[in-house]
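**Q** PDB, C-alpha atoms and all ligand atoms, saved as start25.pdb, coming up:
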```
MODEL        1
ATOM      1  CA  MET V 171      -6.608 -25.671   4.901  1.00  0.00           C
ATOM      2  CA  ILE V 172      -8.728 -22.874   3.470  1.00  0.00           C
ATOM      3  CA  VAL V 173      -7.118 -20.408   1.038  1.00  0.00           C
ATOM      4  CA  ARG V 174      -8.673 -16.985   0.442  1.00  0.00           C
ATOM      5  CA  THR V 175      -7.576 -14.188  -1.873  1.00  0.00           C
ATOM      6  CA  ALA V 176      -8.730 -10.582  -1.961  1.00  0.00           C
ATOM      7  CA  ILE V 177      -7.925  -7.527  -4.036  1.00  0.00           C
ATOM      8  CA  GLY V 178      -7.355  -3.973  -2.852  1.00  0.00           C
ATOM      9  CA  GLN V 179      -6.795  -0.797  -4.830  1.00  0.00           C
ATOM     10  CA  ASP V 180      -5.865   2.788  -4.085  1.00  0.00           C
ATOM     11  CA  SER V 181      -4.652   5.845  -5.951  1.00  0.00           C
ATOM     12  CA  HIS V 182      -3.422   9.280  -4.924  1.00  0.00           C
ATOM     13  CA  ARG V 183      -2.575  12.455  -6.779  1.00  0.00           C
ATOM     14  CA  PHE V 184       0.869  14.054  -6.342  1.00  0.00           C
ATOM     15  CA  GLU V 185       1.148  17.176  -4.206  1.00  0.00           C
ATOM     16  CA  SER V 186       2.081  20.379  -6.035  1.00  0.00           C
ATOM     17  CA  SER V 187       5.737  20.463  -7.040  1.00  0.00           C
ATOM     18  CA  THR V 188       6.520  23.035  -4.341  1.00  0.00           C
ATOM     19  CA  ALA V 189       5.255  20.810  -1.517  1.00  0.00           C
ATOM     20  CA  ARG V 190       7.795  19.496   0.952  1.00  0.00           C
ATOM     21  CA  LYS V 191       6.026  16.210   1.655  1.00  0.00           C
ATOM     22  CA  PRO V 192       8.236  13.134   1.099  1.00  0.00           C
ATOM     23  CA  LEU V 193       7.089  10.289  -1.141  1.00  0.00           C
ATOM     24  CA  VAL V 194       6.624   7.072   0.859  1.00  0.00           C
ATOM     25  CA  LEU V 195       5.890   3.808  -0.950  1.00  0.00           C
ATOM     26  CA  GLY V 196       5.648   0.479   0.854  1.00  0.00           C
ATOM     27  CA  GLY V 197       7.184   2.114   3.924  1.00  0.00           C
ATOM     28  CA  VAL V 198      10.244   3.281   1.956  1.00  0.00           C
ATOM     29  CA  ILE V 199      11.046   6.976   1.464  1.00  0.00           C
ATOM     30  CA  ILE V 200      11.736   7.613  -2.227  1.00  0.00           C
ATOM     31  CA  PRO V 201      14.195  10.528  -2.335  1.00  0.00           C
ATOM     32  CA  ASP V 202      13.935  13.584  -4.569  1.00  0.00           C
ATOM     33  CA  HIS V 203      10.281  13.175  -5.505  1.00  0.00           C
ATOM     34  CA  VAL V 204       7.219  15.072  -4.341  1.00  0.00           C
ATOM     35  CA  GLY V 205       4.828  13.168  -2.080  1.00  0.00           C
ATOM     36  CA  LEU V 206       1.193  12.193  -2.509  1.00  0.00           C
ATOM     37  CA  ARG V 207      -1.785  14.305  -1.470  1.00  0.00           C
ATOM     38  CA  ALA V 208      -3.395  12.766   1.632  1.00  0.00           C
ATOM     39  CA  ASN V 209      -4.068  13.444   5.304  1.00  0.00           C
ATOM     40  CA  SER V 210      -1.726  10.554   6.103  1.00  0.00           C
ATOM     41  CA  ASP V 211       1.765   9.907   4.711  1.00  0.00           C
ATOM     42  CA  GLY V 212      -0.055   8.976   1.479  1.00  0.00           C
ATOM     43  CA  ASP V 213       1.603   5.552   1.200  1.00  0.00           C
ATOM     44  CA  VAL V 214      -0.630   4.348  -1.636  1.00  0.00           C
ATOM     45  CA  VAL V 215       1.063   0.920  -1.674  1.00  0.00           C
ATOM     46  CA  LEU V 216       0.215   0.241   1.965  1.00  0.00           C
ATOM     47  CA  HIS V 217      -3.291   1.636   1.465  1.00  0.00           C
ATOM     48  CA  ALA V 218      -3.917  -0.873  -1.347  1.00  0.00           C
ATOM     49  CA  LEU V 219      -2.561  -3.582   0.979  1.00  0.00           C
ATOM     50  CA  ALA V 220      -4.857  -2.508   3.830  1.00  0.00           C
ATOM     51  CA  ASN V 221      -7.812  -2.567   1.425  1.00  0.00           C
ATOM     52  CA  ALA V 222      -6.879  -6.071   0.248  1.00  0.00           C
ATOM     53  CA  ILE V 223      -6.711  -7.339   3.848  1.00  0.00           C
ATOM     54  CA  SER V 224     -10.100  -5.695   4.460  1.00  0.00           C
ATOM     55  CA  GLY V 225     -11.331  -7.762   1.522  1.00  0.00           C
ATOM     56  CA  ILE V 226     -10.597 -10.831   3.654  1.00  0.00           C
ATOM     57  CA  THR V 227     -11.849  -9.532   7.002  1.00  0.00           C
ATOM     58  CA  GLY V 228     -14.882  -7.626   5.739  1.00  0.00           C
ATOM     59  CA  ILE V 229     -13.921  -4.689   7.976  1.00  0.00           C
ATOM     60  CA  PRO V 230     -12.893  -1.612   5.962  1.00  0.00           C
ATOM     61  CA  VAL V 231     -10.006   0.166   7.708  1.00  0.00           C
ATOM     62  CA  LEU V 232      -9.348   2.905   5.159  1.00  0.00           C
ATOM     63  CA  GLY V 233     -12.199   5.326   5.542  1.00  0.00           C
ATOM     64  CA  GLU V 234     -13.768   5.836   8.928  1.00  0.00           C
ATOM     65  CA  ILE V 235     -11.260   3.868  11.046  1.00  0.00           C
ATOM     66  CA  ALA V 236      -8.090   5.269   9.419  1.00  0.00           C
ATOM     67  CA  ASP V 237      -9.600   8.778   9.327  1.00  0.00           C
ATOM     68  CA  GLN V 238     -10.211   8.532  13.057  1.00  0.00           C
ATOM     69  CA  MET V 239      -6.648   7.256  13.671  1.00  0.00           C
ATOM     70  CA  CYS V 240      -5.248  10.049  11.475  1.00  0.00           C
ATOM     71  CA  LEU V 241      -7.375  13.062  12.365  1.00  0.00           C
ATOM     72  CA  GLU V 242      -8.110  12.341  16.035  1.00  0.00           C
ATOM     73  CA  LYS V 243      -4.960  10.514  17.156  1.00  0.00           C
ATOM     74  CA  GLY V 244      -2.482  12.008  14.688  1.00  0.00           C
ATOM     75  CA  ILE V 245      -1.381   8.611  13.350  1.00  0.00           C
ATOM     76  CA  THR V 246      -0.148   9.335   9.815  1.00  0.00           C
ATOM     77  CA  ASN V 247       2.138   6.312   9.370  1.00  0.00           C
ATOM     78  CA  SER V 248       0.230   4.010   7.014  1.00  0.00           C
ATOM     79  CA  GLU V 249       1.962   0.951   8.519  1.00  0.00           C
ATOM     80  CA  GLU V 250      -0.390   1.463  11.468  1.00  0.00           C
ATOM     81  CA  TYR V 251      -3.436   1.156   9.190  1.00  0.00           C
ATOM     82  CA  VAL V 252      -2.087  -2.140   7.855  1.00  0.00           C
ATOM     83  CA  ARG V 253      -1.452  -3.378  11.408  1.00  0.00           C
ATOM     84  CA  ARG V 254      -5.025  -2.441  12.271  1.00  0.00           C
ATOM     85  CA  ALA V 255      -6.324  -4.426   9.266  1.00  0.00           C
ATOM     86  CA  ILE V 256      -4.153  -7.432  10.250  1.00  0.00           C
ATOM     87  CA  SER V 257      -5.619  -7.321  13.767  1.00  0.00           C
ATOM     88  CA  ASP V 258      -9.026  -8.062  12.227  1.00  0.00           C
ATOM     89  CA  LEU V 259      -7.822 -11.402  10.797  1.00  0.00           C
ATOM     90  CA  GLY V 260      -9.037 -14.522  12.576  1.00  0.00           C
ATOM     91  CA  PRO V 261      -6.765 -16.348  15.040  1.00  0.00           C
ATOM     92  CA  ASN V 262      -6.061 -19.140  12.531  1.00  0.00           C
ATOM     93  CA  GLN V 263      -5.650 -16.879   9.513  1.00  0.00           C
ATOM     94  CA  ARG V 264      -2.269 -15.709   8.289  1.00  0.00           C
ATOM     95  CA  ILE V 265      -1.060 -13.868   5.214  1.00  0.00           C
ATOM     96  CA  SER V 266       1.019 -16.168   3.014  1.00  0.00           C
ATOM     97  CA  HIS V 267       1.667 -13.956  -0.031  1.00  0.00           C
ATOM     98  CA  VAL V 268       1.042 -10.452  -1.378  1.00  0.00           C
ATOM     99  CA  SER V 269       1.365  -9.191  -4.927  1.00  0.00           C
ATOM    100  CA  PHE V 270       1.366  -5.541  -6.043  1.00  0.00           C
ATOM    101  CA  SER V 271       0.936  -3.894  -9.418  1.00  0.00           C
ATOM    102  CA  ILE V 272       1.950  -0.226  -9.395  1.00  0.00           C
ATOM    103  CA  GLU V 273       1.213   2.265 -12.185  1.00  0.00           C
ATOM    104  CA  CYS V 274       3.162   5.516 -12.347  1.00  0.00           C
ATOM    105  CA  VAL V 275       5.320   7.477 -14.764  1.00  0.00           C
ATOM    106  CA  THR V 276       7.562   8.834 -12.016  1.00  0.00           C
ATOM    107  CA  PRO V 277       9.405   7.885  -9.927  1.00  0.00           C
ATOM    108  CA  ARG V 278      11.144   5.043 -11.716  1.00  0.00           C
ATOM    109  CA  LEU V 279      10.762   2.294  -9.152  1.00  0.00           C
ATOM    110  CA  SER V 280      13.208  -0.352 -10.379  1.00  0.00           C
ATOM    111  CA  ASN V 281      15.919   0.778  -7.935  1.00  0.00           C
ATOM    112  CA  TYR V 282      13.531   0.669  -4.957  1.00  0.00           C
ATOM    113  CA  LEU V 283      11.640  -2.596  -5.476  1.00  0.00           C
ATOM    114  CA  THR V 284      14.033  -4.630  -3.301  1.00  0.00           C
ATOM    115  CA  ALA V 285      13.810  -2.157  -0.408  1.00  0.00           C
ATOM    116  CA  MET V 286      10.016  -2.048  -0.726  1.00  0.00           C
ATOM    117  CA  ARG V 287       9.755  -5.855  -0.708  1.00  0.00           C
ATOM    118  CA  ASP V 288      11.999  -5.985   2.399  1.00  0.00           C
ATOM    119  CA  SER V 289       9.930  -3.323   4.156  1.00  0.00           C
ATOM    120  CA  ILE V 290       6.577  -4.956   3.385  1.00  0.00           C
ATOM    121  CA  SER V 291       7.818  -8.442   4.321  1.00  0.00           C
ATOM    122  CA  ARG V 292       8.963  -7.098   7.716  1.00  0.00           C
ATOM    123  CA  LEU V 293       5.606  -5.404   8.274  1.00  0.00           C
ATOM    124  CA  LEU V 294       3.684  -8.602   7.473  1.00  0.00           C
ATOM    125  CA  GLY V 295       6.105 -11.079   9.055  1.00  0.00           C
ATOM    126  CA  ILE V 296       6.546 -13.051   5.828  1.00  0.00           C
ATOM    127  CA  GLU V 297       9.540 -13.816   3.602  1.00  0.00           C
ATOM    128  CA  THR V 298      10.725 -11.274   1.032  1.00  0.00           C
ATOM    129  CA  THR V 299      10.091 -13.946  -1.599  1.00  0.00           C
ATOM    130  CA  ASP V 300       6.401 -13.838  -0.619  1.00  0.00           C
ATOM    131  CA  VAL V 301       6.116 -10.175  -1.623  1.00  0.00           C
ATOM    132  CA  GLY V 302       5.829  -9.578  -5.364  1.00  0.00           C
ATOM    133  CA  ILE V 303       5.901  -6.100  -6.909  1.00  0.00           C
ATOM    134  CA  THR V 304       5.687  -5.103 -10.550  1.00  0.00           C
ATOM    135  CA  ALA V 305       5.651  -1.525 -11.846  1.00  0.00           C
ATOM    136  CA  THR V 306       4.363  -0.171 -15.145  1.00  0.00           C
ATOM    137  CA  SER V 307       4.350   3.303 -16.681  1.00  0.00           C
ATOM    138  CA  GLY V 308       0.762   3.211 -17.922  1.00  0.00           C
ATOM    139  CA  GLU V 309       1.626   4.338 -21.460  1.00  0.00           C
ATOM    140  CA  GLY V 310      -0.136   7.682 -20.962  1.00  0.00           C
ATOM    141  CA  LEU V 311      -3.579   6.088 -21.023  1.00  0.00           C
ATOM    142  CA  THR V 312      -4.778   7.149 -17.561  1.00  0.00           C
ATOM    143  CA  ASP V 313      -4.212  10.115 -15.233  1.00  0.00           C
ATOM    144  CA  CYS V 314      -1.562   8.059 -13.408  1.00  0.00           C
ATOM    145  CA  GLY V 315      -0.129   6.983 -16.755  1.00  0.00           C
ATOM    146  CA  ARG V 316       0.192  10.690 -17.583  1.00  0.00           C
ATOM    147  CA  GLY V 317       2.200  11.359 -14.417  1.00  0.00           C
ATOM    148  CA  GLU V 318      -0.459  12.915 -12.185  1.00  0.00           C
ATOM    149  CA  GLY V 319      -0.263  10.347  -9.417  1.00  0.00           C
ATOM    150  CA  ILE V 320       0.194   6.694  -8.505  1.00  0.00           C
ATOM    151  CA  SER V 321      -2.304   3.833  -8.697  1.00  0.00           C
ATOM    152  CA  VAL V 322      -1.771   0.479  -6.987  1.00  0.00           C
ATOM    153  CA  TYR V 323      -3.523  -2.881  -6.995  1.00  0.00           C
ATOM    154  CA  CYS V 324      -2.742  -5.480  -4.341  1.00  0.00           C
ATOM    155  CA  VAL V 325      -3.777  -9.115  -4.138  1.00  0.00           C
ATOM    156  CA  VAL V 326      -3.389 -10.790  -0.756  1.00  0.00           C
ATOM    157  CA  THR V 327      -3.506 -14.528  -0.102  1.00  0.00           C
ATOM    158  CA  VAL V 328      -4.530 -15.669   3.356  1.00  0.00           C
ATOM    159  CA  ILE V 329      -4.444 -19.260   4.568  1.00  0.00           C
ATOM    160  CA  GLU V 330      -6.521 -20.587   7.424  1.00  0.00           C
ATOM    161  CA  VAL V 331      -5.268 -23.704   9.165  1.00  0.00           C
TER     162      VAL V 331
HETATM  163 ZN    ZN R 401      -4.969   6.107   0.154  1.00  0.00          ZN
ENDMDL
END
```
If you took the structure in this file and wrote it as structure tokens, what would it be?
**A**
Amino acid sequence: MIVRTAIGQDSHRFESSTARKPLVLGGVIIPDHVGLRANSDGDVVLHALANAISGITGIPVLGEIADQMCLEKGITNSEEYVRRAISDLGPNQRISHVSFSIECVTPRLSNYLTAMRDSISRLLGIETTDVGITATSGEGLTDCGRGEGISVYCVVTVIEV
């Protein structure tokens, strides 16, 4: 069995406070918080995941492919970008674990981590226990740590049998 790991990162700035766009993280709508600036739904968690999977496949989905899906076909649901990245995995490769580190001041994510883990595990077809998420406030040291947006790292583990 071959085990591969890859890292993905993404960050997005919040929309202006008057924007109506909902905040979507890991496929879960976080109520009462302004969304993230992006052509898509701005799901920065799933974008980091798609980038991590691309780190295994060598085929970058975010960028040209996702832009085409978004701007030409109107696909704004970031779950579709992740599905596209998964489709590039080899026939004997499967995701066994994902781990996320999220930096933001708001929203406070502790109440949503379970729902996000459930949502991501369904998307990937793995157990909830194989989806790890931690969240930190960033201590004001970065733009995200000062509340201007959200930054996410994702590490994916893929086994090949
Ligand atoms: Zn993004």
**Q** If you measure from CA of Thr298 (chain V) to CA of Val275 (chain V), what distance in Å do you get, rounded to one decimal?
**A**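 Computed distance, CA of Thr298 (chain V) to CA of Val275 (chain V), equals 25.1 Å.
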**Q** Between V:Asp313, V:Asp237, V:Asp202, V:Glu273, single out the one closest to ligand ZN 401 (chain R), counting all atoms listed in the file.
**A** V:Asp237
**Q** Of the residues V:Thr304, V:Ser321, V:Thr188, V:Thr327, which is the one nearest to ligand ZN 401 (chain R), using only C-alpha atoms and all ligand atoms?
**A**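 Distance minimum relative to ligand ZN 401 (chain R) lands on V:Ser321.
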**Q** Considering all atoms listed in the file, give me a table of residues in chain V that are at most 8 Å from ligand ZN 401 (chain R), with the closest atom pair and distance in Å for each, as CSV.
**A**
```
residue,atom,partner,partner_atom,distance
V:Asp180,CA,R:ZN401,ZN,5.5
V:Ser181,CA,R:ZN401,ZN,6.1
V:His182,CA,R:ZN401,ZN,6.2
V:Ala208,CA,R:ZN401,ZN,7.0
V:Gly212,CA,R:ZN401,ZN,5.8
V:Asp213,CA,R:ZN401,ZN,6.7
V:Val214,CA,R:ZN401,ZN,5.0
V:His217,CA,R:ZN401,ZN,5.0
V:Ala218,CA,R:ZN401,ZN,7.2
V:Leu232,CA,R:ZN401,ZN,7.4
```
**Q** Mind checking which residues fall within 12 Å of region 240-256 of chain V, counting all atoms listed in the file, ignoring those fewer than 2 positions away in the same chain, and posting them as an NGL selection string?
**A** :V and (194-199 or 208-238 or 258-261 or 263-265 or 289-295 or 326 or 328)
**Q** Please produce a file of those selected residues containing C-alpha atoms, as a PDB file, in the coordinates of the input.
**A**
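For reference, out32.pdb as written:
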```pdb
ATOM      1  CA  VAL V 194       6.624   7.072   0.859  1.00  0.00           C
ATOM      2  CA  LEU V 195       5.890   3.808  -0.950  1.00  0.00           C
ATOM      3  CA  GLY V 196       5.648   0.479   0.854  1.00  0.00           C
ATOM      4  CA  GLY V 197       7.184   2.114   3.924  1.00  0.00           C
ATOM      5  CA  VAL V 198      10.244   3.281   1.956  1.00  0.00           C
ATOM      6  CA  ILE V 199      11.046   6.976   1.464  1.00  0.00           C
ATOM      7  CA  ALA V 208      -3.395  12.766   1.632  1.00  0.00           C
ATOM      8  CA  ASN V 209      -4.068  13.444   5.304  1.00  0.00           C
ATOM      9  CA  SER V 210      -1.726  10.554   6.103  1.00  0.00           C
ATOM     10  CA  ASP V 211       1.765   9.907   4.711  1.00  0.00           C
ATOM     11  CA  GLY V 212      -0.055   8.976   1.479  1.00  0.00           C
ATOM     12  CA  ASP V 213       1.603   5.552   1.200  1.00  0.00           C
ATOM     13  CA  VAL V 214      -0.630   4.348  -1.636  1.00  0.00           C
ATOM     14  CA  VAL V 215       1.063   0.920  -1.674  1.00  0.00           C
ATOM     15  CA  LEU V 216       0.215   0.241   1.965  1.00  0.00           C
ATOM     16  CA  HIS V 217      -3.291   1.636   1.465  1.00  0.00           C
ATOM     17  CA  ALA V 218      -3.917  -0.873  -1.347  1.00  0.00           C
ATOM     18  CA  LEU V 219      -2.561  -3.582   0.979  1.00  0.00           C
ATOM     19  CA  ALA V 220      -4.857  -2.508   3.830  1.00  0.00           C
ATOM     20  CA  ASN V 221      -7.812  -2.567   1.425  1.00  0.00           C
ATOM     21  CA  ALA V 222      -6.879  -6.071   0.248  1.00  0.00           C
ATOM     22  CA  ILE V 223      -6.711  -7.339   3.848  1.00  0.00           C
ATOM     23  CA  SER V 224     -10.100  -5.695   4.460  1.00  0.00           C
ATOM     24  CA  GLY V 225     -11.331  -7.762   1.522  1.00  0.00           C
ATOM     25  CA  ILE V 226     -10.597 -10.831   3.654  1.00  0.00           C
ATOM     26  CA  THR V 227     -11.849  -9.532   7.002  1.00  0.00           C
ATOM     27  CA  GLY V 228     -14.882  -7.626   5.739  1.00  0.00           C
ATOM     28  CA  ILE V 229     -13.921  -4.689   7.976  1.00  0.00           C
ATOM     29  CA  PRO V 230     -12.893  -1.612   5.962  1.00  0.00           C
ATOM     30  CA  VAL V 231     -10.006   0.166   7.708  1.00  0.00           C
ATOM     31  CA  LEU V 232      -9.348   2.905   5.159  1.00  0.00           C
ATOM     32  CA  GLY V 233     -12.199   5.326   5.542  1.00  0.00           C
ATOM     33  CA  GLU V 234     -13.768   5.836   8.928  1.00  0.00           C
ATOM     34  CA  ILE V 235     -11.260   3.868  11.046  1.00  0.00           C
ATOM     35  CA  ALA V 236      -8.090   5.269   9.419  1.00  0.00           C
ATOM     36  CA  ASP V 237      -9.600   8.778   9.327  1.00  0.00           C
ATOM     37  CA  GLN V 238     -10.211   8.532  13.057  1.00  0.00           C
ATOM     38  CA  ASP V 258      -9.026  -8.062  12.227  1.00  0.00           C
ATOM     39  CA  LEU V 259      -7.822 -11.402  10.797  1.00  0.00           C
ATOM     40  CA  GLY V 260      -9.037 -14.522  12.576  1.00  0.00           C
ATOM     41  CA  PRO V 261      -6.765 -16.348  15.040  1.00  0.00           C
ATOM     42  CA  GLN V 263      -5.650 -16.879   9.513  1.00  0.00           C
ATOM     43  CA  ARG V 264      -2.269 -15.709   8.289  1.00  0.00           C
ATOM     44  CA  ILE V 265      -1.060 -13.868   5.214  1.00  0.00           C
ATOM     45  CA  SER V 289       9.930  -3.323   4.156  1.00  0.00           C
ATOM     46  CA  ILE V 290       6.577  -4.956   3.385  1.00  0.00           C
ATOM     47  CA  SER V 291       7.818  -8.442   4.321  1.00  0.00           C
ATOM     48  CA  ARG V 292       8.963  -7.098   7.716  1.00  0.00           C
ATOM     49  CA  LEU V 293       5.606  -5.404   8.274  1.00  0.00           C
ATOM     50  CA  LEU V 294       3.684  -8.602   7.473  1.00  0.00           C
ATOM     51  CA  GLY V 295       6.105 -11.079   9.055  1.00  0.00           C
ATOM     52  CA  VAL V 326      -3.389 -10.790  -0.756  1.00  0.00           C
ATOM     53  CA  VAL V 328      -4.530 -15.669   3.356  1.00  0.00           C
TER      54      VAL V 328
END
```
